[in-house]
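Visitor: Next comes entry.txt, compact mmCIF, C-alpha atoms and all ligand atoms:
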```
# COMPACT_ATOMS: atom_id res chain seq x y z
CA MET A 297 -42.08 54.50 -67.50
CA ASP A 298 -44.61 51.73 -66.93
CA ALA A 299 -47.82 53.26 -65.55
CA ILE A 300 -48.25 50.80 -62.67
CA LYS A 301 -44.60 51.14 -61.64
CA CYS A 302 -44.99 54.92 -61.77
CA MET A 303 -48.07 54.82 -59.50
CA LYS A 304 -46.48 52.38 -57.07
CA GLU A 305 -43.11 54.12 -56.85
CA ARG A 306 -44.27 57.74 -56.64
CA ARG A 307 -43.80 59.05 -53.11
CA SER A 308 -44.14 62.53 -51.65
CA ILE A 309 -40.71 64.14 -51.80
CA ARG A 310 -40.04 67.10 -49.53
CA LYS A 311 -36.25 67.40 -49.85
CA TYR A 312 -34.72 68.51 -53.13
CA LEU A 313 -31.37 68.88 -54.84
CA LYS A 314 -30.34 72.42 -55.75
CA LYS A 315 -30.99 71.80 -59.44
CA LYS A 316 -33.35 73.58 -61.79
CA ILE A 317 -36.01 71.73 -63.76
CA PRO A 318 -35.74 72.59 -67.48
CA LYS A 319 -38.67 74.66 -68.73
CA LYS A 320 -39.22 72.03 -71.42
CA ILE A 321 -39.92 69.40 -68.72
CA LEU A 322 -42.19 71.73 -66.75
CA LYS A 323 -44.20 72.26 -69.93
CA LYS A 324 -44.49 68.48 -70.36
CA LEU A 325 -45.94 68.18 -66.85
CA ILE A 326 -48.65 70.73 -67.60
CA ASP A 327 -49.22 69.08 -70.96
CA ALA A 328 -49.88 65.80 -69.12
CA ALA A 329 -52.23 67.58 -66.71
CA ARG A 330 -54.52 68.81 -69.46
CA TYR A 331 -55.31 65.20 -70.48
CA ALA A 332 -56.91 64.44 -67.10
CA PRO A 333 -60.57 63.41 -67.04
CA SER A 334 -63.04 66.16 -66.16
CA ALA A 335 -66.79 66.16 -65.71
CA ARG A 336 -68.49 66.87 -69.07
CA ASN A 337 -64.96 67.44 -70.39
CA ILE A 338 -65.16 71.07 -69.27
CA GLN A 339 -61.45 71.16 -68.31
CA PRO A 340 -61.96 74.00 -65.83
CA TRP A 341 -58.30 74.13 -64.85
CA GLU A 342 -55.50 76.67 -65.09
CA PHE A 343 -51.91 76.16 -63.94
CA VAL A 344 -49.50 78.74 -62.56
CA VAL A 345 -45.91 77.53 -62.63
CA VAL A 346 -43.69 79.35 -60.15
CA THR A 347 -39.91 78.99 -60.40
CA ASP A 348 -38.78 82.34 -59.01
CA GLY A 349 -36.95 81.70 -55.74
CA LYS A 350 -38.42 84.72 -53.96
CA LYS A 351 -41.96 83.75 -54.91
CA LEU A 352 -41.36 80.14 -53.85
CA LYS A 353 -40.28 81.42 -50.43
CA LYS A 354 -43.38 83.57 -50.16
CA ILE A 355 -45.65 80.64 -51.03
CA ALA A 356 -43.81 78.49 -48.49
CA GLU A 357 -44.29 81.11 -45.77
CA ILE A 358 -48.01 81.37 -46.49
CA THR A 359 -48.60 77.62 -46.08
CA ASP A 360 -48.61 75.74 -42.78
CA TYR A 361 -47.24 72.34 -43.83
CA GLY A 362 -45.49 73.38 -47.03
CA LYS A 363 -42.41 75.20 -45.77
CA PHE A 364 -40.24 72.96 -47.97
CA ILE A 365 -41.63 74.72 -51.06
CA ALA A 366 -38.92 77.33 -50.36
CA ASP A 367 -36.29 74.75 -51.44
CA ALA A 368 -38.25 73.34 -54.40
CA ALA A 369 -37.23 74.04 -57.99
CA ALA A 370 -40.82 74.85 -58.86
CA CYS A 371 -44.34 74.93 -57.53
CA VAL A 372 -47.36 74.34 -59.74
CA VAL A 373 -50.48 76.00 -58.40
CA VAL A 374 -53.50 74.15 -59.76
CA LEU A 375 -56.61 76.30 -60.09
CA CYS A 376 -60.14 75.48 -61.15
CA ASP A 377 -63.15 77.57 -62.07
CA SER A 378 -65.37 77.28 -58.99
CA ASN A 379 -68.52 77.84 -61.06
CA GLU A 380 -68.16 74.31 -62.38
CA LYS A 381 -69.93 71.67 -60.25
CA TYR A 382 -67.08 69.17 -60.24
CA PHE A 383 -64.20 71.64 -60.10
CA LEU A 384 -62.61 69.94 -57.10
CA GLU A 385 -62.61 66.45 -58.60
CA ASP A 386 -61.36 67.81 -61.92
CA GLY A 387 -58.57 69.76 -60.26
CA CYS A 388 -57.51 66.73 -58.21
CA ASN A 389 -57.32 64.62 -61.37
CA ALA A 390 -55.12 67.20 -63.09
CA SER A 391 -52.94 67.46 -59.97
CA MET A 392 -52.44 63.70 -59.87
CA ASN A 393 -51.43 63.67 -63.53
CA ILE A 394 -48.71 66.20 -62.70
CA LEU A 395 -47.38 64.10 -59.80
CA LEU A 396 -47.23 60.98 -61.96
CA ALA A 397 -45.70 62.79 -64.94
CA ALA A 398 -43.08 64.25 -62.60
CA LYS A 399 -42.21 60.76 -61.38
CA ASN A 400 -41.85 59.66 -65.00
CA TYR A 401 -39.22 62.38 -65.56
CA GLY A 402 -37.33 61.57 -62.34
CA ILE A 403 -38.71 64.62 -60.53
CA GLY A 404 -39.87 64.43 -56.93
CA SER A 405 -43.11 66.08 -55.95
CA CYS A 406 -45.34 66.75 -53.00
CA TRP A 407 -48.96 67.86 -52.94
CA VAL A 408 -49.39 70.69 -50.47
CA ALA A 409 -52.97 71.42 -49.46
CA GLY A 410 -54.65 74.33 -51.18
CA HIS A 411 -58.39 73.80 -51.24
CA LYS A 412 -60.09 74.24 -47.82
CA LYS A 413 -57.08 76.08 -46.41
CA GLU A 414 -57.58 79.57 -44.96
CA TYR A 415 -54.37 80.74 -46.60
CA VAL A 416 -55.52 80.27 -50.22
CA GLY A 417 -56.64 83.91 -50.42
CA LYS A 418 -53.05 84.98 -49.81
CA ILE A 419 -51.79 82.61 -52.53
CA LYS A 420 -54.36 84.00 -54.97
CA LYS A 421 -53.36 87.57 -54.16
CA LEU A 422 -49.66 86.81 -54.55
CA LEU A 423 -50.22 85.26 -57.98
CA GLY A 424 -52.93 87.61 -59.24
CA VAL A 425 -55.52 84.83 -59.57
CA PRO A 426 -59.01 86.03 -60.62
CA GLU A 427 -61.78 85.68 -58.00
CA LYS A 428 -63.71 82.82 -59.62
CA TYR A 429 -60.80 80.36 -59.43
CA GLU A 430 -60.25 78.07 -56.44
CA VAL A 431 -56.80 76.87 -55.50
CA ILE A 432 -56.90 73.08 -55.65
CA SER A 433 -53.31 72.17 -54.83
CA LEU A 434 -49.79 73.51 -54.54
CA LEU A 435 -47.45 70.98 -56.12
CA ALA A 436 -43.85 71.28 -54.99
CA LEU A 437 -41.38 69.90 -57.54
CA GLY A 438 -37.67 69.21 -57.49
CA TYR A 439 -35.06 66.54 -58.10
CA PRO A 440 -35.28 64.19 -55.10
CA ALA A 441 -32.84 64.32 -52.20
CA GLU A 442 -34.67 61.69 -50.14
CA ASN A 443 -36.28 58.32 -50.67
CA PRO A 444 -39.15 57.96 -48.19
CA LYS A 445 -41.13 54.74 -47.92
CA PRO A 446 -44.44 55.48 -46.21
CA LYS A 447 -46.53 52.45 -45.33
CA LYS A 448 -49.52 51.73 -47.53
CA ARG A 449 -52.60 49.80 -46.46
CA SER A 450 -52.53 46.25 -47.80
CA LEU A 451 -54.62 45.10 -50.72
CA ASN A 452 -56.54 42.72 -48.47
CA ASP A 453 -57.38 45.55 -46.12
CA VAL A 454 -58.90 47.80 -48.76
CA LEU A 455 -60.43 45.41 -51.29
CA HIS A 456 -64.06 44.30 -51.00
CA TRP A 457 -65.65 42.04 -53.58
CA GLU A 458 -69.31 42.61 -54.39
CA LYS A 459 -70.15 44.14 -50.97
CA PHE A 460 -68.36 46.02 -48.20
C1 LIG A 501 -55.15 66.69 -50.48
C2 LIG A 501 -53.74 66.48 -50.00
C3 LIG A 501 -53.15 67.44 -49.21
C4 LIG A 501 -51.84 67.28 -48.79
N1 LIG A 501 -51.24 68.28 -48.06
C5 LIG A 501 -49.96 68.16 -47.69
C6 LIG A 501 -49.32 69.24 -47.02
O1 LIG A 501 -49.90 70.30 -46.79
N2 LIG A 501 -48.02 69.07 -46.65
C7 LIG A 501 -47.33 67.91 -46.91
O2 LIG A 501 -46.16 67.82 -46.55
N3 LIG A 501 -47.93 66.87 -47.56
C8 LIG A 501 -49.22 66.97 -47.95
N4 LIG A 501 -49.80 65.96 -48.66
C9 LIG A 501 -49.04 64.74 -49.01
C10 LIG A 501 -49.43 63.57 -48.10
O3 LIG A 501 -48.93 63.80 -46.81
C11 LIG A 501 -48.87 62.26 -48.71
O4 LIG A 501 -49.47 62.04 -49.95
C12 LIG A 501 -49.14 61.07 -47.78
O5 LIG A 501 -48.40 61.17 -46.60
C13 LIG A 501 -48.81 59.73 -48.46
O6 LIG A 501 -47.47 59.70 -48.88
P1 LIG A 501 -47.09 59.43 -50.41
O7 LIG A 501 -47.58 60.63 -51.22
O8 LIG A 501 -45.58 59.35 -50.41
O9 LIG A 501 -47.74 58.19 -50.86
C14 LIG A 501 -51.11 66.10 -49.12
C15 LIG A 501 -51.72 65.14 -49.93
C16 LIG A 501 -53.01 65.32 -50.38
C17 LIG A 501 -53.63 64.29 -51.29
```
Any chance you could give the structure as structure tokens?
Ligand SMILES: Cc1cc2nc3c(=O)[nH]c(=O)nc-3n(C[C@H](O)[C@H](O)[C@H](O)COP(=O)(O)O)c2cc1C

Guide:
Amino acid sequence: MDAIKCMKERRSIRKYLKKKIPKKILKKLIDAARYAPSARNIQPWEFVVVTDGKKLKKIAEITDYGKFIADAAACVVVLCDSNEKYFLEDGCNASMNILLAAKNYGIGSCWVAGHKKEYVGKIKKLLGVPEKYEVISLLALGYPAENPKPKKRSLNDVLHWEKF
């Protein structure tokens, strides 16, 4: 898929068809994630892919605005080593790669907040994540059952040439 089309047409999808995502495709999403830019190329990320229905429900219950994870085919939990200075930026880059790769394969996705949320400790405990890792994002994935069109700020509104 054309990169610009992929960026412009990706939307957060929170309703999914009851259809599994092949493991082969899930692997491709994580493969795309590991090519993201990271400060000093440290690549401080790890990815936990959850497809088990019971675990997806538990993750959904732990979150506040991610209850739809219960109906997702998968949830990728993006983690980064918090000892690295730019772990948050790096983890966000990897997360974004997953969302765009998902779009490329016709899979809907939605970023559910991880970092800064009080509930991340519960997510880490559920998944056996070692202490030093921070949860960056919880990425719900599934074949889309909706086609939302949220408004985006116009180019004129956001673009400044040479000075603000
Ligand atoms: C850091 C971050 C946290 C987010 N957390 C949630 C969340 O907890 N629940 C949710 O439904 N959407 C969440 N979203 C998705 C945003 O609501 C969504 O990206 C925004 O409404 C724009 O829509 P779009 O992704 O379709 O362009 C989050 C997005 C980001 C980048």

Visitor: What residues have any atom no more than 9 Å from ligand LIG 501 (chain A) when counting all atoms listed in the file, and can you list them as a VMD selection string?

Guide: chain A and resid 304 to 310 359 to 364 388 392 405 to 411 432 to 434 444 to 448

Visitor: I need the residue nearest Ile338 in chain A from this list: A:Met297, A:Lys311, A:Lys418, A:Lys381. Use only C-alpha atoms for the distance.

Guide: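 The shortest atom-to-atom distance to Ile338 in chain A comes from A:Lys381.
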
Visitor: Could you tell me which of A:Ala390, A:Lys314, A:Leu352, A:Ala368 comes closest to Arg330 in chain A if we count only C-alpha atoms?

Guide: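 Closest residue, counting only C-alpha atoms: A:Ala390.
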
Visitor: Could you tell me how far CA of Ile394 in chain A lies from CA of Leu322 in chain A, in Å and to one decimal?

Guide: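 Those two atoms sit 9.5 Å apart.
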
Visitor: Here is a test: counting all atoms listed in the file, which residue of A:Val346, A:Ile355, A:Ala335, A:Leu313 is nearest to Lys421 in chain A?

Guide: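 Among the listed residues, A:Ile355 lies closest to Lys421 in chain A.
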